[in-house]
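Peer 1: target19.cif is reproduced in full below (mmCIF, C-alpha atoms).
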data_run
loop_
_atom_site.label_atom_id
_atom_site.label_comp_id
_atom_site.auth_asym_id
_atom_site.auth_seq_id
_atom_site.Cartn_x
_atom_site.Cartn_y
_atom_site.Cartn_z
CA MET L 1 31.48 11.67 -6.35
CA THR L 2 28.45 11.61 -8.66
CA VAL L 3 25.25 13.59 -8.18
CA LEU L 4 23.44 10.29 -7.54
CA ILE L 5 25.62 9.61 -4.49
CA LYS L 6 25.83 13.18 -3.24
CA THR L 7 22.09 13.82 -3.33
CA ASP L 8 20.11 13.47 -0.10
CA TRP L 9 17.27 11.43 -1.57
CA ASN L 10 15.31 11.34 1.67
CA HIS L 11 15.24 15.14 1.63
CA GLU L 12 14.32 15.16 -2.07
CA TRP L 13 11.46 12.79 -1.33
CA GLU L 14 10.16 15.13 1.38
CA LEU L 15 10.33 18.05 -1.05
CA ALA L 16 8.46 16.06 -3.71
CA ARG L 17 5.66 15.51 -1.21
CA GLY L 18 5.47 19.23 -0.51
CA GLY L 19 7.76 19.23 2.49
CA LYS L 20 7.32 17.44 5.80
CA ARG L 21 3.70 16.52 6.40
CA GLN L 22 1.96 15.27 9.45
CA PRO L 23 1.90 11.46 9.48
CA ASP L 24 -1.34 9.53 9.38
CA THR L 25 -2.70 8.95 12.86
CA PRO L 26 -4.02 5.76 14.46
CA GLU L 27 -7.38 7.53 14.72
CA PHE L 28 -7.51 7.97 10.92
CA TRP L 29 -6.94 4.25 10.31
CA ASN L 30 -9.21 3.24 13.20
CA THR L 31 -12.00 5.22 11.56
CA LYS L 32 -11.24 3.72 8.15
CA ALA L 33 -11.26 0.20 9.58
CA GLU L 34 -14.54 0.84 11.36
CA ARG L 35 -16.15 2.29 8.22
CA CYS L 36 -15.01 -0.61 6.05
CA HIS L 37 -16.15 -3.17 8.60
CA LYS L 38 -19.55 -1.50 8.89
CA ASN L 39 -20.00 -1.42 5.11
CA GLY L 40 -19.07 -5.07 4.78
CA HIS L 41 -15.65 -4.54 3.20
CA ALA L 42 -13.03 -6.85 4.68
CA LEU L 43 -10.12 -5.00 3.03
CA LEU L 44 -8.80 -8.45 2.22
CA ASP L 45 -9.52 -9.38 -1.38
CA ILE L 46 -8.08 -12.87 -1.84
CA TYR L 47 -8.58 -12.53 -5.61
CA ASP L 48 -6.43 -9.41 -5.88
CA PRO L 49 -3.38 -10.40 -7.96
CA TYR L 50 -1.34 -7.99 -5.86
CA ILE L 51 -1.31 -10.44 -2.94
CA ARG L 52 -0.30 -13.41 -5.08
CA GLU L 53 2.42 -11.48 -6.91
CA PHE L 54 3.89 -9.92 -3.76
CA ILE L 55 4.17 -13.31 -2.05
CA ASN L 56 5.62 -14.86 -5.20
CA TYR L 57 8.27 -12.14 -5.51
CA ALA L 58 9.05 -12.29 -1.79
CA ALA L 59 10.45 -15.79 -2.35
CA LEU L 60 10.24 -16.90 1.28
CA LEU L 61 11.91 -20.15 2.24
CA PRO L 62 9.85 -22.87 3.94
CA GLY L 63 9.39 -22.22 7.65
CA GLU L 64 10.88 -18.70 7.66
CA SER L 65 9.55 -16.22 10.20
CA VAL L 66 8.04 -12.97 8.92
CA LEU L 67 7.79 -9.48 10.37
CA ASP L 68 4.88 -7.62 8.72
CA ILE L 69 5.02 -3.88 9.46
CA GLY L 70 1.84 -1.92 8.78
CA CYS L 71 -0.07 -5.17 8.49
CA GLY L 72 -3.55 -3.63 8.41
CA PRO L 73 -6.31 -6.27 8.46
CA GLY L 74 -3.95 -9.07 7.42
CA ILE L 75 -3.49 -8.57 3.68
CA MET L 76 -0.16 -10.43 3.87
CA ALA L 77 -0.14 -11.85 7.38
CA ILE L 78 -3.04 -14.25 6.88
CA PRO L 79 -2.01 -15.84 3.56
CA LEU L 80 1.59 -16.15 4.79
CA ALA L 81 0.46 -17.81 8.03
CA GLU L 82 -1.69 -20.16 5.95
CA ARG L 83 1.52 -21.16 4.17
CA GLY L 84 3.08 -22.16 7.49
CA HIS L 85 5.06 -19.02 8.35
CA ARG L 86 5.18 -17.58 11.84
CA VAL L 87 4.09 -13.96 11.38
CA THR L 88 4.56 -11.01 13.72
CA ALA L 89 1.92 -8.54 12.52
CA VAL L 90 2.51 -4.92 13.56
CA ASP L 91 0.15 -1.97 13.13
CA PHE L 92 -0.59 1.22 15.05
CA SER L 93 -4.36 0.91 14.54
CA HIS L 94 -6.01 -1.30 17.14
CA ARG L 95 -9.10 -1.60 14.95
CA MET L 96 -7.05 -2.88 12.02
CA LEU L 97 -5.48 -5.44 14.33
CA GLY L 98 -9.00 -6.32 15.49
CA MET L 99 -10.01 -7.07 11.90
CA LEU L 100 -6.88 -9.19 11.51
CA PHE L 101 -7.65 -11.08 14.72
CA ARG L 102 -11.26 -11.82 13.69
CA GLN L 103 -10.20 -13.20 10.30
CA ALA L 104 -7.33 -15.23 11.76
CA TYR L 105 -9.57 -16.62 14.53
CA ALA L 106 -12.13 -17.75 11.95
CA LYS L 107 -9.48 -19.77 10.13
CA GLU L 108 -7.92 -21.33 13.28
CA GLY L 109 -4.42 -22.64 13.73
CA LEU L 110 -2.62 -19.62 12.23
CA ASP L 111 0.64 -18.58 13.91
CA ILE L 112 0.17 -14.80 14.01
CA ILE L 113 1.42 -12.53 16.79
CA PRO L 114 -0.31 -9.11 16.69
CA ILE L 115 1.58 -6.12 18.12
CA LEU L 116 0.29 -2.57 18.47
CA ALA L 117 3.20 -0.32 17.49
CA ASP L 118 4.29 2.42 15.10
CA TRP L 119 7.26 3.02 12.80
CA ARG L 120 8.50 5.70 15.19
CA ASP L 121 8.27 3.52 18.31
CA ASN L 122 11.18 1.74 19.96
CA TRP L 123 10.64 -1.72 18.50
CA GLU L 124 12.71 -3.46 21.17
CA THR L 125 10.57 -1.92 23.91
CA ALA L 126 7.44 -2.85 21.95
CA GLY L 127 8.55 -6.48 22.00
CA ILE L 128 9.17 -6.77 18.26
CA GLU L 129 11.83 -9.39 17.56
CA PRO L 130 13.90 -9.75 14.37
CA ALA L 131 12.57 -12.15 11.74
CA ASP L 132 14.02 -14.00 8.78
CA VAL L 133 12.09 -11.74 6.42
CA ALA L 134 10.85 -8.21 7.16
CA LEU L 135 8.21 -6.81 4.88
CA ALA L 136 6.21 -3.61 4.53
CA SER L 137 3.38 -3.99 2.04
CA ARG L 138 2.18 -0.53 0.94
CA SER L 139 3.19 0.93 4.32
CA VAL L 140 6.81 2.08 3.93
CA ALA L 141 5.98 5.68 2.97
CA ALA L 142 6.48 6.84 6.53
CA VAL L 143 7.40 10.39 7.53
CA ASP L 144 11.08 9.50 7.20
CA LEU L 145 11.51 7.07 4.30
CA GLU L 146 15.20 6.42 4.90
CA SER L 147 14.65 5.63 8.59
CA ALA L 148 11.90 3.16 7.68
CA ILE L 149 14.18 1.38 5.21
CA LEU L 150 17.04 1.25 7.70
CA LYS L 151 14.74 -0.09 10.42
CA LEU L 152 13.46 -2.89 8.20
CA ASN L 153 17.00 -3.73 7.20
CA THR L 154 18.04 -3.97 10.86
CA TRP L 155 15.14 -6.21 11.89
CA ALA L 156 15.51 -8.64 8.97
CA ARG L 157 17.91 -11.55 9.25
CA ARG L 158 17.86 -12.63 5.59
CA ARG L 159 15.62 -10.56 3.32
CA VAL L 160 13.58 -7.34 3.13
CA CYS L 161 10.53 -6.85 0.88
CA ILE L 162 8.60 -3.62 0.47
CA SER L 163 6.06 -2.18 -1.92
CA THR L 164 5.16 1.40 -2.63
CA ALA L 165 3.30 3.47 -5.20
CA ALA L 166 4.61 3.24 -8.74
CA GLY L 167 2.15 5.59 -10.43
CA GLY L 168 1.39 8.31 -7.94
CA SER L 169 -1.13 7.76 -5.14
CA PRO L 170 -3.33 4.62 -4.94
CA GLY L 171 -6.16 6.80 -6.21
CA PHE L 172 -4.30 7.77 -9.38
CA ASP L 173 -6.20 7.09 -12.61
CA ARG L 174 -4.22 7.28 -15.85
CA VAL L 175 -7.34 7.52 -18.02
CA LEU L 176 -8.75 10.39 -15.97
CA ALA L 177 -5.39 12.19 -15.85
CA LYS L 178 -5.05 11.95 -19.61
CA GLU L 179 -8.53 13.30 -20.24
CA LEU L 180 -7.95 16.16 -17.81
CA GLY L 181 -4.85 17.04 -19.82
CA ARG L 182 -2.50 16.38 -16.91
CA HIS L 183 1.07 15.16 -17.10
CA ILE L 184 0.91 11.36 -16.85
CA CYS L 185 4.31 10.82 -15.23
CA ALA L 186 3.16 11.16 -11.62
CA HIS L 187 5.44 11.37 -8.59
CA SER L 188 6.55 7.83 -7.71
CA ASN L 189 7.81 6.79 -4.30
CA PHE L 190 9.74 3.82 -5.64
CA ALA L 191 12.35 5.96 -7.40
CA TYR L 192 13.34 7.57 -4.11
CA CYS L 193 13.43 4.18 -2.38
CA MET L 194 15.76 2.80 -5.03
CA ASN L 195 18.07 5.82 -4.84
CA ILE L 196 18.23 5.65 -1.04
CA LEU L 197 19.15 1.95 -1.30
CA PHE L 198 21.73 2.69 -3.98
CA ALA L 199 23.35 5.23 -1.65
CA MET L 200 23.39 2.51 1.04
CA ASP L 201 25.26 0.24 -1.40
CA VAL L 202 22.31 -2.15 -1.44
CA ARG L 203 21.63 -3.94 -4.72
CA ALA L 204 17.86 -4.17 -4.71
CA GLU L 205 15.57 -5.87 -7.18
CA LEU L 206 12.63 -3.94 -8.66
CA ARG L 207 9.45 -5.36 -10.13
CA PHE L 208 5.99 -4.00 -10.77
CA ILE L 209 2.53 -5.24 -9.83
CA ASP L 210 -0.74 -4.09 -11.41
CA SER L 211 -3.72 -4.24 -9.08
CA PRO L 212 -7.15 -3.86 -10.75
CA LYS L 213 -9.80 -1.94 -8.80
CA HIS L 214 -13.37 -2.94 -9.59
CA GLU L 215 -15.07 0.06 -7.97
CA ARG L 216 -18.85 0.41 -7.91
CA TRP L 217 -21.22 2.96 -6.41
CA GLU L 218 -24.95 2.86 -5.63
CA THR L 219 -25.64 6.30 -7.10
CA ARG L 220 -24.15 8.50 -9.80
CA ALA L 221 -23.61 11.24 -7.23
CA ALA L 222 -21.55 8.88 -5.04
CA ALA L 223 -19.48 7.82 -8.04
CA GLU L 224 -18.82 11.39 -9.11
CA ALA L 225 -17.88 12.40 -5.55
CA ALA L 226 -15.39 9.54 -5.20
CA ILE L 227 -13.76 10.18 -8.58
CA ARG L 228 -13.67 13.93 -7.95
CA HIS L 229 -11.98 13.34 -4.59
CA ASN L 230 -9.22 11.30 -6.23
CA ALA L 231 -8.79 13.90 -8.96
CA GLY L 232 -8.09 16.66 -6.44
CA LYS L 233 -8.61 20.34 -7.10
CA LEU L 234 -9.79 21.05 -10.64
CA SER L 235 -9.16 24.18 -12.66
CA ALA L 236 -11.98 25.82 -14.64
CA ALA L 237 -10.74 24.14 -17.83
CA GLU L 238 -10.42 20.81 -16.05
CA GLU L 239 -14.01 21.07 -14.77
CA GLN L 240 -15.28 20.96 -18.33
CA ARG L 241 -13.00 18.03 -19.17
CA PHE L 242 -14.11 16.27 -15.98
CA GLU L 243 -17.78 16.54 -16.95
CA ARG L 244 -16.92 15.19 -20.41
CA TYR L 245 -15.02 12.32 -18.78
CA LEU L 246 -18.05 11.42 -16.63
CA ARG L 247 -20.38 11.42 -19.62
CA ARG L 248 -17.97 9.23 -21.54
CA HIS L 249 -16.87 6.73 -18.92
CA LEU L 250 -19.43 6.56 -16.08
CA VAL L 251 -22.07 3.94 -16.83
CA GLN L 252 -24.96 2.30 -15.02
CA LEU L 253 -25.48 -1.46 -15.05
CA GLN L 254 -26.71 -4.32 -12.93
CA ASP L 255 -24.39 -6.21 -10.61
CA GLU L 256 -24.44 -9.95 -9.91
CA ASP L 257 -27.37 -9.49 -7.49
CA GLY L 258 -29.44 -7.52 -9.96
CA ARG L 259 -28.88 -4.16 -8.26
CA ASN L 260 -28.34 -1.00 -10.30
CA VAL L 261 -24.82 0.33 -9.75
CA TRP L 262 -22.53 2.90 -11.31
CA GLN L 263 -18.98 2.22 -12.42
CA ARG L 264 -16.37 3.24 -14.96
CA ASP L 265 -16.48 1.58 -18.38
CA TYR L 266 -12.92 0.41 -17.77
CA VAL L 267 -11.03 -1.13 -14.85
CA ARG L 268 -8.77 1.32 -13.01
CA ILE L 269 -5.30 -0.08 -12.40
CA VAL L 270 -3.27 0.79 -9.32
CA GLU L 271 0.44 0.40 -10.02
CA TRP L 272 2.76 -0.82 -7.26
CA ALA L 273 6.51 -1.23 -7.17
CA PHE L 274 7.92 -4.29 -5.39
CA ILE L 275 11.45 -3.77 -4.03
CA ALA L 276 13.46 -6.46 -2.26
CA TRP L 277 17.01 -7.21 -1.25
CA ASP L 278 18.89 -9.98 0.53
CA LYS L 279 21.00 -9.23 3.58
CA ASP L 280 24.73 -9.86 3.54
CA VAL L 281 25.42 -12.82 5.81
#
Mind turning the file's structure into structure tokens?
Peer 2:
Amino acid sequence: MTVLIKTDWNHEWELARGGKRQPDTPEFWNTKAERCHKNGHALLDIYDPYIREFINYAALLPGESVLDIGCGPGIMAIPLAERGHRVTAVDFSHRMLGMLFRQAYAKEGLDIIPILADWRDNWETAGIEPADVALASRSVAAVDLESAILKLNTWARRRVCISTAAGGSPGFDRVLAKELGRHICAHSNFAYCMNILFAMDVRAELRFIDSPKHERWETRAAAEAAIRHNAGKLSAAEEQRFERYLRRHLVQLQDEDGRNVWQRDYVRIVEWAFIAWDKDV
């Protein structure tokens, strides 16, 4: 038996994350949803190529039902329902589901069933029924990755589609990492997903999606704080490089409404891995 088969990749994934960590709570995502709603951010950018590419790669058949786990404000649920799919949208944040409901209600006629539930819940008790296609867009990195994959596989009748980080965390910035002198090859969830599936004898397809982030801030201090937060703890040497990075790449300009804003002089790209497989029937 090869090392690839013998290795417990779920355990290796936990070690790569620094051991078992406490999962995100509904309160965390409720607060995030409330903050985004208050600031006017819908969390649903219809122009984000990520949405178009994910749906394209998902290759749903006409009229198929969809189970969307970790649906958030409807990133996938709403465009899929607009295409005529019956969507069961599941999230453990009632405020995220509230954002989904408001957007779906505004469009009218969308077949979306919202359910408040978690990865760790008993889905049968929660009233979640199997669907033709089960998907988890940017939500599969649960406490137990293997259990999440197995659960999706069980609840899907024909196909499973997931996406997860391909270049570290969603806040990862290759330009910043390079200028800080850090190793570019960041920890990537998708490699562990693929190895877990390989051990399950599942032949999964792997593709990549680049999602541009056009981030802007009202003040230089706000921009520096946000970028510093994503960078994490800086060493003394990195502090000097960080200041040089800000001088080089943080610029002030006017937005479409004539307001002065701060942004990077390049577009940060968030890299996602799309993984899918068809069920044996």
Peer 1: L:Ala231, L:Val175, L:Val251, L:Ile112: which is nearest Arg268 in chain L, counting only C-alpha atoms?
Peer 2: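 Once distances to Arg268 in chain L are computed over only C-alpha atoms, the minimum belongs to L:Val175.
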Peer 1: Which residues fall under the PyMOL selection byres ((chain L and resi 203-211) around 7) in this file, as a list in words?
Peer 2: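 On the file shown, the PyMOL selection byres ((chain L and resi 203-211) around 7) covers Asp48, Pro49, Tyr50, Glu53, Phe198, Asp201, Val202, Pro212, Lys213, Ile269, Val270, Glu271, Trp272, Ala273, Phe274, Ile275, Ala276 and Trp277 of chain L.
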Peer 1: Smallest atom-to-atom distance to Ala58 in chain L: which of L:Gln252, L:Ser188, L:Ser163, L:Gln263, using all atoms listed in the file?
Peer 2: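 Answer, going by the shortest atom-to-atom distance: L:Ser163.
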Peer 1: One decimal, Å: what's the distance from CA of Glu14 in chain L over to CA of Leu152 in chain L, could you say?
Peer 2: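 We find that CA of Glu14 in chain L and CA of Leu152 in chain L lie 19.5 Å from each other.
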Peer 1: Hey, what's within 12 Å of range 77-88 of chain L if we count all atoms listed in the file and toss same-chain stuff fewer than 4 positions away? As a PyMOL selection string, please?
Peer 2: chain L and resi 44-47+51-52+54-56+58-73+97+99-117+126-137+155
Peer 1: Expressed in Å to a single decimal, how great is the separation between CA of Ala221 in chain L and CA of Gly171 in chain L?
Peer 2: 18.0 Å
Peer 1: Where's the centre, and what are the edge lengths in Å to one decimal, of a box along x, y and z enclosing all listed atoms of range 160-179 of chain L padded 5 Å per side, as lines of an AutoDock Vina configuration file?
Peer 2:
center_x = 2.4
center_y = 3.0
center_z = -8.6
size_x = 32.3
size_y = 30.6
size_z = 33.4
Peer 1: In Å, how far is it from CA of Asp278 in chain L to CA of Arg159 in chain L?
Peer 2: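 Distance between the two atoms: 4.3 Å.
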Peer 1: Please expand the PyMOL selection byres ((chain L and resi 228-230) around 10) into the concrete residues it hits in this file, giving the result as a list of chain:residue names.
Peer 2: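 Matching residues under the PyMOL selection byres ((chain L and resi 228-230) around 10) are L:Ser169, L:Pro170, L:Gly171, L:Phe172, L:Asp173, L:Leu176, L:Ala222, L:Ala223, L:Glu224, L:Ala225, L:Ala226, L:Ile227, L:Ala231, L:Gly232, L:Lys233, L:Leu234, L:Glu239, L:Phe242.
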Peer 1: Selected residues, C-alpha atoms, written as a tab-separated table (two decimals), keeping the file's coordinate frame, please.
Peer 2:
chain	number	residue	atom	x	y	z
L	169	SER	CA	-1.13	7.76	-5.14
L	170	PRO	CA	-3.33	4.62	-4.94
L	171	GLY	CA	-6.16	6.80	-6.21
L	172	PHE	CA	-4.30	7.77	-9.38
L	173	ASP	CA	-6.20	7.09	-12.61
L	176	LEU	CA	-8.75	10.39	-15.97
L	222	ALA	CA	-21.55	8.88	-5.04
L	223	ALA	CA	-19.48	7.82	-8.04
L	224	GLU	CA	-18.82	11.39	-9.11
L	225	ALA	CA	-17.88	12.40	-5.55
L	226	ALA	CA	-15.39	9.54	-5.20
L	227	ILE	CA	-13.76	10.18	-8.58
L	231	ALA	CA	-8.79	13.90	-8.96
L	232	GLY	CA	-8.09	16.66	-6.44
L	233	LYS	CA	-8.61	20.34	-7.10
L	234	LEU	CA	-9.79	21.05	-10.64
L	239	GLU	CA	-14.01	21.07	-14.77
L	242	PHE	CA	-14.11	16.27	-15.98
Peer 1: I would like the residues chosen by the PyMOL selection byres ((chain L and resi 189) around 9) on the shown file; could you give them as a JSON list (two decimals) with C-alpha atoms, keeping the file's coordinate frame?
Peer 2:
[["chain", "number", "residue", "atom", "x", "y", "z"],
["L", 13, "TRP", "CA", 11.46, 12.79, -1.33],
["L", 141, "ALA", "CA", 5.98, 5.68, 2.97],
["L", 164, "THR", "CA", 5.16, 1.40, -2.63],
["L", 165, "ALA", "CA", 3.30, 3.47, -5.20],
["L", 166, "ALA", "CA", 4.61, 3.24, -8.74],
["L", 167, "GLY", "CA", 2.15, 5.59, -10.43],
["L", 168, "GLY", "CA", 1.39, 8.31, -7.94],
["L", 187, "HIS", "CA", 5.44, 11.37, -8.59],
["L", 188, "SER", "CA", 6.55, 7.83, -7.71],
["L", 190, "PHE", "CA", 9.74, 3.82, -5.64],
["L", 191, "ALA", "CA", 12.35, 5.96, -7.40],
["L", 192, "TYR", "CA", 13.34, 7.57, -4.11],
["L", 193, "CYS", "CA", 13.43, 4.18, -2.38],
["L", 194, "MET", "CA", 15.76, 2.80, -5.03],
["L", 273, "ALA", "CA", 6.51, -1.23, -7.17]]
Peer 1: Go through L:Asp280, L:Glu12, L:Glu124, L:Asp144 one by one, measure the shortest atom-to-atom distance of each to Arg158 in chain L using all atoms listed in the file, and give the residue with the smallest value.
Peer 2: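 Smallest distance to Arg158 in chain L is found for L:Asp280.
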Peer 1: I want to know what sits within 10 Å of Ile5 in chain L, based on all atoms listed in the file, with residues of the same chain fewer than 3 positions away left out; could you give that as a list in words?
Peer 2: Met1, Thr2, Asp8, Trp9, Asn195, Ile196, Phe198, Ala199, Met200 and Asp201 of chain L
Peer 1: Considering all atoms listed in the file, can you say which of L:His214, L:His11, L:His249, L:Arg244 comes closest to Arg264 in chain L?
Peer 2: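 Distance minimum relative to Arg264 in chain L lands on L:His249.
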